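Q: Next up is a structure, given as structure tokens.
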Amino acid sequence: MLEGGPQGEPKPGRTLVSGAVKGIGGTATLEIVTEEGAASKKTQTVPDHSTAMRWVFEHLALPSQIEAVGHRVVHGGERFSQSVVIDDTVLTEIEALSELAPLHNPASLAGILGAREVLGSTVPMVAVFDTAFHHTLPPAARIYALPHELAARHQIRRYGFHGTAHASLVAGYAAFTGSTLEKDRLITLQLGNGCSVTAIAGGKSVETSMGFTPLEGLVMGTRSGDLDPSIVSYLAQREKVDASEVERWLNEQSGLLGVSGRTNDMRELEAAAQAHDERAALAIELFCYRARKYIGAYLAVLGGADAIVFGGGIGENSPEIRGRICAGMEWCGLLLDVERNKATVHLPPGSAARISQDAAALAVYVVADDEESWIARETVRCLHLKE
């Protein structure tokens, strides 16, 4: 539903229903929550994203009331620096970019086509790219120190990901503090199964931890994050496997799962560490150390910061992890309020809370990121510009 905004500009209305399809590729579940809080859960075999999209629309049974659809697309490459209205040319370009994001863009494309099958081609749709938020990275943060011609020929650069999440965190911070963002320097941490950190100046991304792929940067649930690239060829030779198999290990068997040897779920690791599991404790220590290391680097990039903003499943709901990441950073004016931090969990989507002391020079906030609303806003903005 679209409502009138300032000067007649439309804006998204309230959230009438939310939900997700989980387990695509086998027996999947569709979880739906209405505005009133009523929840439903259905199960069926869902072989692909196109089928999942049709299942969602069948359950909602409201196709005639849908005015527009926004789709999150992971990779926009060099081509897409902002969200765009989808037409056949855009679809072709998203498909071509699957070479850079083979695990993500084909699924996004299938979802778009599935929505078109149900709604027809007359309902406008918008692609909101995860990489678009990071198109403002300056050259020094964007390029790798590779031979220029080689990098250009193969489109190798630091693209950054989680753009919709970081944009949502910035929007939540601005709404909570009343800031216009014009002069604010922020460090946003999106911590979940996938993790990234971004340095933001004046509302724009100027540095981010993920690079050519989402593998670079922080320790994640199953991804290694930063490592010496020579490890790939070394392991391929020693284990007598292709480099692609090593890359799979780095994406699917590393991170918290690889170090702990038991799980990528931070809640389970915290419980195991309390029960004196040394590998679980080491995994948590490494996770927090890497995040703190990036915060220090981004303080240097920004020349100091006004606030650190935590989001994502871990960032929003683990006071212990937030506390450990921030520990020992009093030198830069970061002073957590222990009770505020402990009490801040399970915030409503889009809401925020301050967890630092009032007198702290470097404020710390938790924002319950709301990517769905951000995508809705971007969809409305694109359609309004097209009018």
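Quick note on naming: the chains in the structure tokens go A, B, ... in the order shown, residues restart at 1 in each chain, and ligands are numbered from 1 in order of appearance.
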Residues within 6 Å of region 160-162 of chain A, please, as a short mmCIF file (atom, residue, chain, number, x, y, z; two decimals) with N, CA and C atoms, in the first residue's frame. Count only C-alpha atoms; anything in the same chain fewer than 5 positions from it doesn't count.
A:
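Okay, this is what ended up in around.cif:
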```cif
data_model
loop_
_atom_site.label_atom_id
_atom_site.label_comp_id
_atom_site.auth_asym_id
_atom_site.auth_seq_id
_atom_site.Cartn_x
_atom_site.Cartn_y
_atom_site.Cartn_z
N ASP A 130 22.14 -5.22 -3.52
CA ASP A 130 22.94 -5.24 -2.30
C ASP A 130 24.24 -4.46 -2.46
N THR A 131 24.77 -4.46 -3.67
CA THR A 131 26.06 -3.80 -3.92
C THR A 131 25.92 -2.30 -4.15
N HIS A 134 27.31 0.47 -1.82
CA HIS A 134 28.76 0.61 -1.72
C HIS A 134 29.39 1.19 -2.98
N MET A 210 33.39 -6.70 3.18
CA MET A 210 33.26 -7.67 2.09
C MET A 210 33.80 -7.07 0.80
N GLY A 211 34.30 -7.91 -0.09
CA GLY A 211 34.97 -7.39 -1.27
C GLY A 211 34.43 -7.87 -2.59
#
```
Q: Which residue gives the smallest distance to Asp88 (chain A) among A:Trp374, A:Gln44, A:His154, A:Ser121, with only C-alpha atoms counted?
A: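 Ranked by minimum distance to Asp88 (chain A), first place goes to A:Ser121.
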Q: Return as an MDAnalysis selection string the full set of residues in region 108-271 of chain A whose backbone-based DSSP assignment is strand (DSSP E).
A: chainID A and resid 125:129 185:191 195:201 204:208
Q: Between CA of Val232 (chain A) and CA of Glu285 (chain A), what is the distance in Å, rounded to a tenth?
A: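 Straight-line distance from CA of Val232 (chain A) to CA of Glu285 (chain A) works out to 24.3 Å.
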Q: Please provide as a VMD selection string all residues within 10 Å of region 202-206 of chain A, with the sequence filter that same-chain residues fewer than 3 positions apart are discarded (counting only C-alpha atoms).
A: chain A and resid 132 to 142 160 163 166 to 167 170 to 171 174 180 to 188 198 to 199 298 301 to 302
Q: Point out the residue among A:Glu278, A:Thr208, A:Ser98, A:Val85 with the least atom-to-atom distance to Ala68 (chain A), counting only C-alpha atoms.
A: A:Val85
Q: Neighbouring residues of region 20-25 of chain A were defined as those with any atom within 6 Å, considering only C-alpha atoms; residues of the same chain fewer than 6 positions away were excluded. Please report them as a list in words.
A: Glu31, Val46, Pro47 and Asp48 of chain A
Q: Which neighbours of Ser196 (chain A) fall inside 7 Å, counting only C-alpha atoms, when residues of the same chain fewer than 4 positions from it are skipped, and could you give them as JSON, numbers by chain?
A: {"A": [189, 190, 191, 209, 210, 217, 218]}
Q: Nearest to His104 (chain A): which of A:Ala360, A:Val90, A:Gly258, A:Pro214 is it, counting only C-alpha atoms?
A: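 Among A:Ala360, A:Val90, A:Gly258, A:Pro214, it is A:Pro214 that comes nearest to His104 (chain A).
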Q: If you measure from CA of Val123 (chain A) to CA of Val69 (chain A), what distance in Å do you get, rounded to one decimal?
A: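 If I compute the distance from CA of Val123 (chain A) to CA of Val69 (chain A), I get 7.7 Å.
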Q: Please identify all polymer residues within 12 Å of Leu362 (chain A), counting only C-alpha atoms, omitting same-chain residues fewer than 3 positions from it, and present them as a ChimeraX atom specification.
A: /A:184-187,295,299,304-309,326,329-336,354-359,365
Q: Would you mind telling me which residue in A:Ile321, A:Ala127, A:Val118, A:Leu113 lies nearest to Val84 (chain A) when using only C-alpha atoms?
A: A:Ala127
Q: Could you work out how far CA of Gly312 (chain A) lies from CA of Gly328 (chain A), giving the answer in Å with one decimal?
A: 22.7 Å
Q: Ser233 (chain A): which residues within 9 Å, counting only C-alpha atoms, same-chain residues fewer than 6 positions away excluded, as a PyMOL selection string?
A: chain A and resi 242-243+246
Q: Between A:Ser81, A:Ser351, A:Ser373, A:Asn193, single out the one closest to Ala175 (chain A), counting only C-alpha atoms.
A: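 Residue with the minimum atom-to-atom distance to Ala175 (chain A): A:Ser351.
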Q: If you run DSSP over the backbone, which residues in region 139-306 of chain A end up alpha helix (DSSP H)? Put them as a short mmCIF file (atom, residue, chain, number, x, y, z; two decimals) with N, CA and C atoms, in the first residue's frame.
A:
```
data_model
loop_
_atom_site.label_atom_id
_atom_site.label_comp_id
_atom_site.auth_asym_id
_atom_site.auth_seq_id
_atom_site.Cartn_x
_atom_site.Cartn_y
_atom_site.Cartn_z
N PRO A 139 38.30 5.22 -4.77
CA PRO A 139 39.19 4.28 -5.48
C PRO A 139 40.11 3.47 -4.57
N ALA A 140 40.70 4.10 -3.57
CA ALA A 140 41.65 3.38 -2.70
C ALA A 140 40.97 2.25 -1.94
N ALA A 141 39.68 2.39 -1.64
CA ALA A 141 38.94 1.35 -0.94
C ALA A 141 38.32 0.34 -1.90
N ARG A 142 38.23 0.72 -3.16
CA ARG A 142 37.50 -0.09 -4.15
C ARG A 142 38.39 -1.08 -4.89
N HIS A 148 46.38 -3.70 -13.56
CA HIS A 148 45.18 -2.95 -13.90
C HIS A 148 44.39 -3.60 -15.04
N GLU A 149 45.07 -4.00 -16.10
CA GLU A 149 44.38 -4.56 -17.25
C GLU A 149 43.69 -5.88 -16.88
N LEU A 150 44.34 -6.68 -16.05
CA LEU A 150 43.78 -7.97 -15.65
C LEU A 150 42.51 -7.75 -14.81
N ALA A 151 42.57 -6.84 -13.86
CA ALA A 151 41.41 -6.56 -13.03
C ALA A 151 40.25 -6.01 -13.86
N ALA A 152 40.56 -5.09 -14.79
CA ALA A 152 39.51 -4.49 -15.62
C ALA A 152 38.88 -5.53 -16.54
N ARG A 153 39.68 -6.41 -17.09
CA ARG A 153 39.16 -7.41 -18.02
C ARG A 153 38.18 -8.36 -17.36
N GLY A 163 24.36 -4.42 1.44
CA GLY A 163 24.05 -3.00 1.30
C GLY A 163 22.69 -2.62 1.85
N THR A 164 21.66 -3.46 1.60
CA THR A 164 20.33 -3.12 2.12
C THR A 164 20.33 -3.15 3.65
N ALA A 165 21.09 -4.06 4.24
CA ALA A 165 21.16 -4.14 5.70
C ALA A 165 21.83 -2.90 6.28
N HIS A 166 22.97 -2.51 5.72
CA HIS A 166 23.68 -1.34 6.24
C HIS A 166 22.87 -0.06 6.02
N ALA A 167 22.21 0.04 4.87
CA ALA A 167 21.35 1.20 4.63
C ALA A 167 20.22 1.26 5.65
N SER A 168 19.68 0.10 6.00
CA SER A 168 18.62 0.02 6.99
C SER A 168 19.12 0.44 8.37
N LEU A 169 20.34 0.04 8.72
CA LEU A 169 20.91 0.43 10.01
C LEU A 169 21.12 1.94 10.08
N VAL A 170 21.60 2.51 8.98
CA VAL A 170 21.79 3.96 8.94
C VAL A 170 20.45 4.68 9.08
N ALA A 171 19.43 4.19 8.37
CA ALA A 171 18.11 4.80 8.45
C ALA A 171 17.53 4.69 9.86
N GLY A 172 17.73 3.54 10.51
CA GLY A 172 17.24 3.37 11.87
C GLY A 172 17.95 4.29 12.85
N TYR A 173 19.24 4.45 12.68
CA TYR A 173 20.01 5.37 13.53
C TYR A 173 19.52 6.81 13.34
N ALA A 174 19.33 7.21 12.08
CA ALA A 174 18.89 8.58 11.79
C ALA A 174 17.51 8.84 12.38
N ALA A 175 16.61 7.88 12.27
CA ALA A 175 15.26 8.06 12.80
C ALA A 175 15.28 8.16 14.33
N PHE A 176 16.14 7.38 14.97
CA PHE A 176 16.18 7.35 16.43
C PHE A 176 16.83 8.61 17.00
N THR A 177 17.88 9.10 16.34
CA THR A 177 18.63 10.24 16.85
C THR A 177 18.16 11.58 16.29
N SER A 230 47.28 -17.39 -0.57
CA SER A 230 48.11 -18.54 -0.91
C SER A 230 47.60 -19.83 -0.28
N ILE A 231 46.78 -19.70 0.76
CA ILE A 231 46.22 -20.88 1.42
C ILE A 231 45.39 -21.71 0.44
N VAL A 232 44.73 -21.05 -0.53
CA VAL A 232 43.88 -21.77 -1.48
C VAL A 232 44.71 -22.75 -2.30
N SER A 233 45.77 -22.27 -2.94
CA SER A 233 46.59 -23.17 -3.76
C SER A 233 47.34 -24.18 -2.90
N TYR A 234 47.75 -23.76 -1.70
CA TYR A 234 48.45 -24.68 -0.80
C TYR A 234 47.57 -25.86 -0.43
N LEU A 235 46.33 -25.58 -0.02
CA LEU A 235 45.41 -26.66 0.34
C LEU A 235 45.03 -27.51 -0.87
N ALA A 236 44.85 -26.87 -2.02
CA ALA A 236 44.50 -27.62 -3.23
C ALA A 236 45.59 -28.63 -3.57
N GLN A 237 46.84 -28.22 -3.42
CA GLN A 237 47.96 -29.13 -3.71
C GLN A 237 48.07 -30.23 -2.65
N ARG A 238 47.98 -29.85 -1.39
CA ARG A 238 48.16 -30.82 -0.31
C ARG A 238 47.00 -31.81 -0.22
N GLU A 239 45.78 -31.35 -0.45
CA GLU A 239 44.61 -32.22 -0.35
C GLU A 239 44.21 -32.84 -1.69
N ALA A 243 40.78 -25.91 -6.80
CA ALA A 243 40.64 -24.68 -6.03
C ALA A 243 39.18 -24.41 -5.68
N SER A 244 38.26 -24.81 -6.55
CA SER A 244 36.84 -24.59 -6.28
C SER A 244 36.39 -25.35 -5.05
N GLU A 245 36.98 -26.51 -4.80
CA GLU A 245 36.62 -27.28 -3.61
C GLU A 245 37.15 -26.59 -2.36
N VAL A 246 38.35 -26.03 -2.42
CA VAL A 246 38.87 -25.27 -1.29
C VAL A 246 37.99 -24.05 -1.02
N GLU A 247 37.57 -23.39 -2.10
CA GLU A 247 36.69 -22.24 -1.94
C GLU A 247 35.38 -22.64 -1.27
N ARG A 248 34.88 -23.83 -1.60
CA ARG A 248 33.67 -24.32 -0.94
C ARG A 248 33.91 -24.51 0.55
N TRP A 249 35.08 -25.06 0.90
CA TRP A 249 35.40 -25.23 2.32
C TRP A 249 35.41 -23.87 3.03
N LEU A 250 35.98 -22.86 2.37
CA LEU A 250 36.09 -21.54 2.98
C LEU A 250 34.72 -20.89 3.16
N ASN A 251 33.78 -21.19 2.28
CA ASN A 251 32.44 -20.61 2.36
C ASN A 251 31.49 -21.40 3.24
N GLU A 252 31.63 -22.73 3.26
CA GLU A 252 30.61 -23.57 3.89
C GLU A 252 31.07 -24.32 5.13
N GLY A 255 34.81 -20.47 9.34
CA GLY A 255 34.19 -19.55 10.29
C GLY A 255 33.96 -20.16 11.66
N LEU A 256 32.86 -19.77 12.29
CA LEU A 256 32.53 -20.29 13.62
C LEU A 256 32.39 -21.81 13.60
N LEU A 257 31.80 -22.34 12.53
CA LEU A 257 31.64 -23.79 12.42
C LEU A 257 32.99 -24.49 12.36
N GLY A 258 33.88 -23.99 11.52
CA GLY A 258 35.18 -24.64 11.36
C GLY A 258 36.04 -24.59 12.61
N VAL A 259 36.08 -23.44 13.26
CA VAL A 259 36.93 -23.29 14.45
C VAL A 259 36.37 -24.10 15.62
N SER A 260 35.05 -24.03 15.80
CA SER A 260 34.45 -24.72 16.95
C SER A 260 34.33 -26.22 16.72
N MET A 266 25.64 -18.91 17.08
CA MET A 266 26.32 -18.23 18.18
C MET A 266 25.68 -18.55 19.53
N ARG A 267 24.36 -18.73 19.56
CA ARG A 267 23.71 -19.06 20.83
C ARG A 267 24.22 -20.39 21.37
N GLU A 268 24.36 -21.37 20.50
CA GLU A 268 24.87 -22.67 20.92
C GLU A 268 26.34 -22.57 21.34
N LEU A 269 27.10 -21.75 20.64
CA LEU A 269 28.51 -21.60 20.99
C LEU A 269 28.68 -20.92 22.34
N GLU A 270 27.84 -19.93 22.63
CA GLU A 270 27.92 -19.27 23.93
C GLU A 270 27.61 -20.25 25.06
N ALA A 271 26.61 -21.10 24.85
CA ALA A 271 26.27 -22.10 25.86
C ALA A 271 27.40 -23.11 26.02
N ALA A 272 28.01 -23.52 24.90
CA ALA A 272 29.11 -24.49 24.95
C ALA A 272 30.33 -23.89 25.65
N ALA A 273 30.60 -22.61 25.38
CA ALA A 273 31.74 -21.96 26.02
C ALA A 273 31.56 -21.87 27.52
N GLN A 274 30.33 -21.61 27.95
CA GLN A 274 30.03 -21.57 29.38
C GLN A 274 30.22 -22.93 30.03
N GLU A 278 36.57 -25.49 24.94
CA GLU A 278 37.65 -24.57 24.59
C GLU A 278 37.58 -24.12 23.14
N ARG A 279 37.17 -25.02 22.24
CA ARG A 279 37.09 -24.63 20.83
C ARG A 279 35.94 -23.66 20.59
N ALA A 280 34.84 -23.84 21.28
CA ALA A 280 33.73 -22.89 21.17
C ALA A 280 34.16 -21.52 21.69
N ALA A 281 34.88 -21.52 22.80
CA ALA A 281 35.37 -20.26 23.37
C ALA A 281 36.35 -19.58 22.41
N LEU A 282 37.20 -20.37 21.75
CA LEU A 282 38.15 -19.81 20.79
C LEU A 282 37.44 -19.21 19.59
N ALA A 283 36.40 -19.88 19.11
CA ALA A 283 35.64 -19.38 17.97
C ALA A 283 35.02 -18.02 18.30
N ILE A 284 34.46 -17.89 19.50
CA ILE A 284 33.86 -16.63 19.92
C ILE A 284 34.93 -15.55 20.05
N GLU A 285 36.06 -15.91 20.64
CA GLU A 285 37.14 -14.94 20.82
C GLU A 285 37.63 -14.42 19.47
N LEU A 286 37.79 -15.31 18.49
CA LEU A 286 38.25 -14.92 17.17
C LEU A 286 37.22 -14.02 16.48
N PHE A 287 35.95 -14.37 16.61
CA PHE A 287 34.86 -13.60 16.04
C PHE A 287 34.89 -12.16 16.56
N CYS A 288 34.99 -12.02 17.86
CA CYS A 288 34.98 -10.69 18.49
C CYS A 288 36.27 -9.92 18.19
N TYR A 289 37.39 -10.62 18.20
CA TYR A 289 38.68 -9.97 17.91
C TYR A 289 38.68 -9.36 16.52
N ARG A 290 38.20 -10.14 15.53
CA ARG A 290 38.21 -9.65 14.15
C ARG A 290 37.30 -8.42 14.00
N ALA A 291 36.13 -8.45 14.66
CA ALA A 291 35.22 -7.30 14.59
C ALA A 291 35.85 -6.07 15.23
N ARG A 292 36.48 -6.25 16.39
CA ARG A 292 37.12 -5.13 17.08
C ARG A 292 38.29 -4.57 16.25
N LYS A 293 39.01 -5.45 15.59
CA LYS A 293 40.11 -5.05 14.72
C LYS A 293 39.61 -4.16 13.59
N TYR A 294 38.48 -4.52 12.99
CA TYR A 294 37.90 -3.72 11.91
C TYR A 294 37.39 -2.38 12.42
N ILE A 295 36.80 -2.37 13.62
CA ILE A 295 36.34 -1.10 14.19
C ILE A 295 37.53 -0.15 14.33
N GLY A 296 38.65 -0.65 14.84
CA GLY A 296 39.84 0.18 14.98
C GLY A 296 40.32 0.72 13.64
N ALA A 297 40.32 -0.13 12.62
CA ALA A 297 40.75 0.30 11.29
C ALA A 297 39.82 1.37 10.73
N TYR A 298 38.52 1.20 10.96
CA TYR A 298 37.56 2.15 10.39
C TYR A 298 37.52 3.46 11.16
N LEU A 299 37.92 3.43 12.43
CA LEU A 299 38.11 4.69 13.15
C LEU A 299 39.23 5.50 12.50
N ALA A 300 40.25 4.80 12.02
CA ALA A 300 41.34 5.48 11.30
C ALA A 300 40.86 5.99 9.95
N VAL A 301 40.06 5.19 9.24
CA VAL A 301 39.54 5.59 7.93
C VAL A 301 38.70 6.86 8.04
N LEU A 302 37.85 6.91 9.08
CA LEU A 302 36.91 8.01 9.24
C LEU A 302 37.51 9.21 10.00
#
```
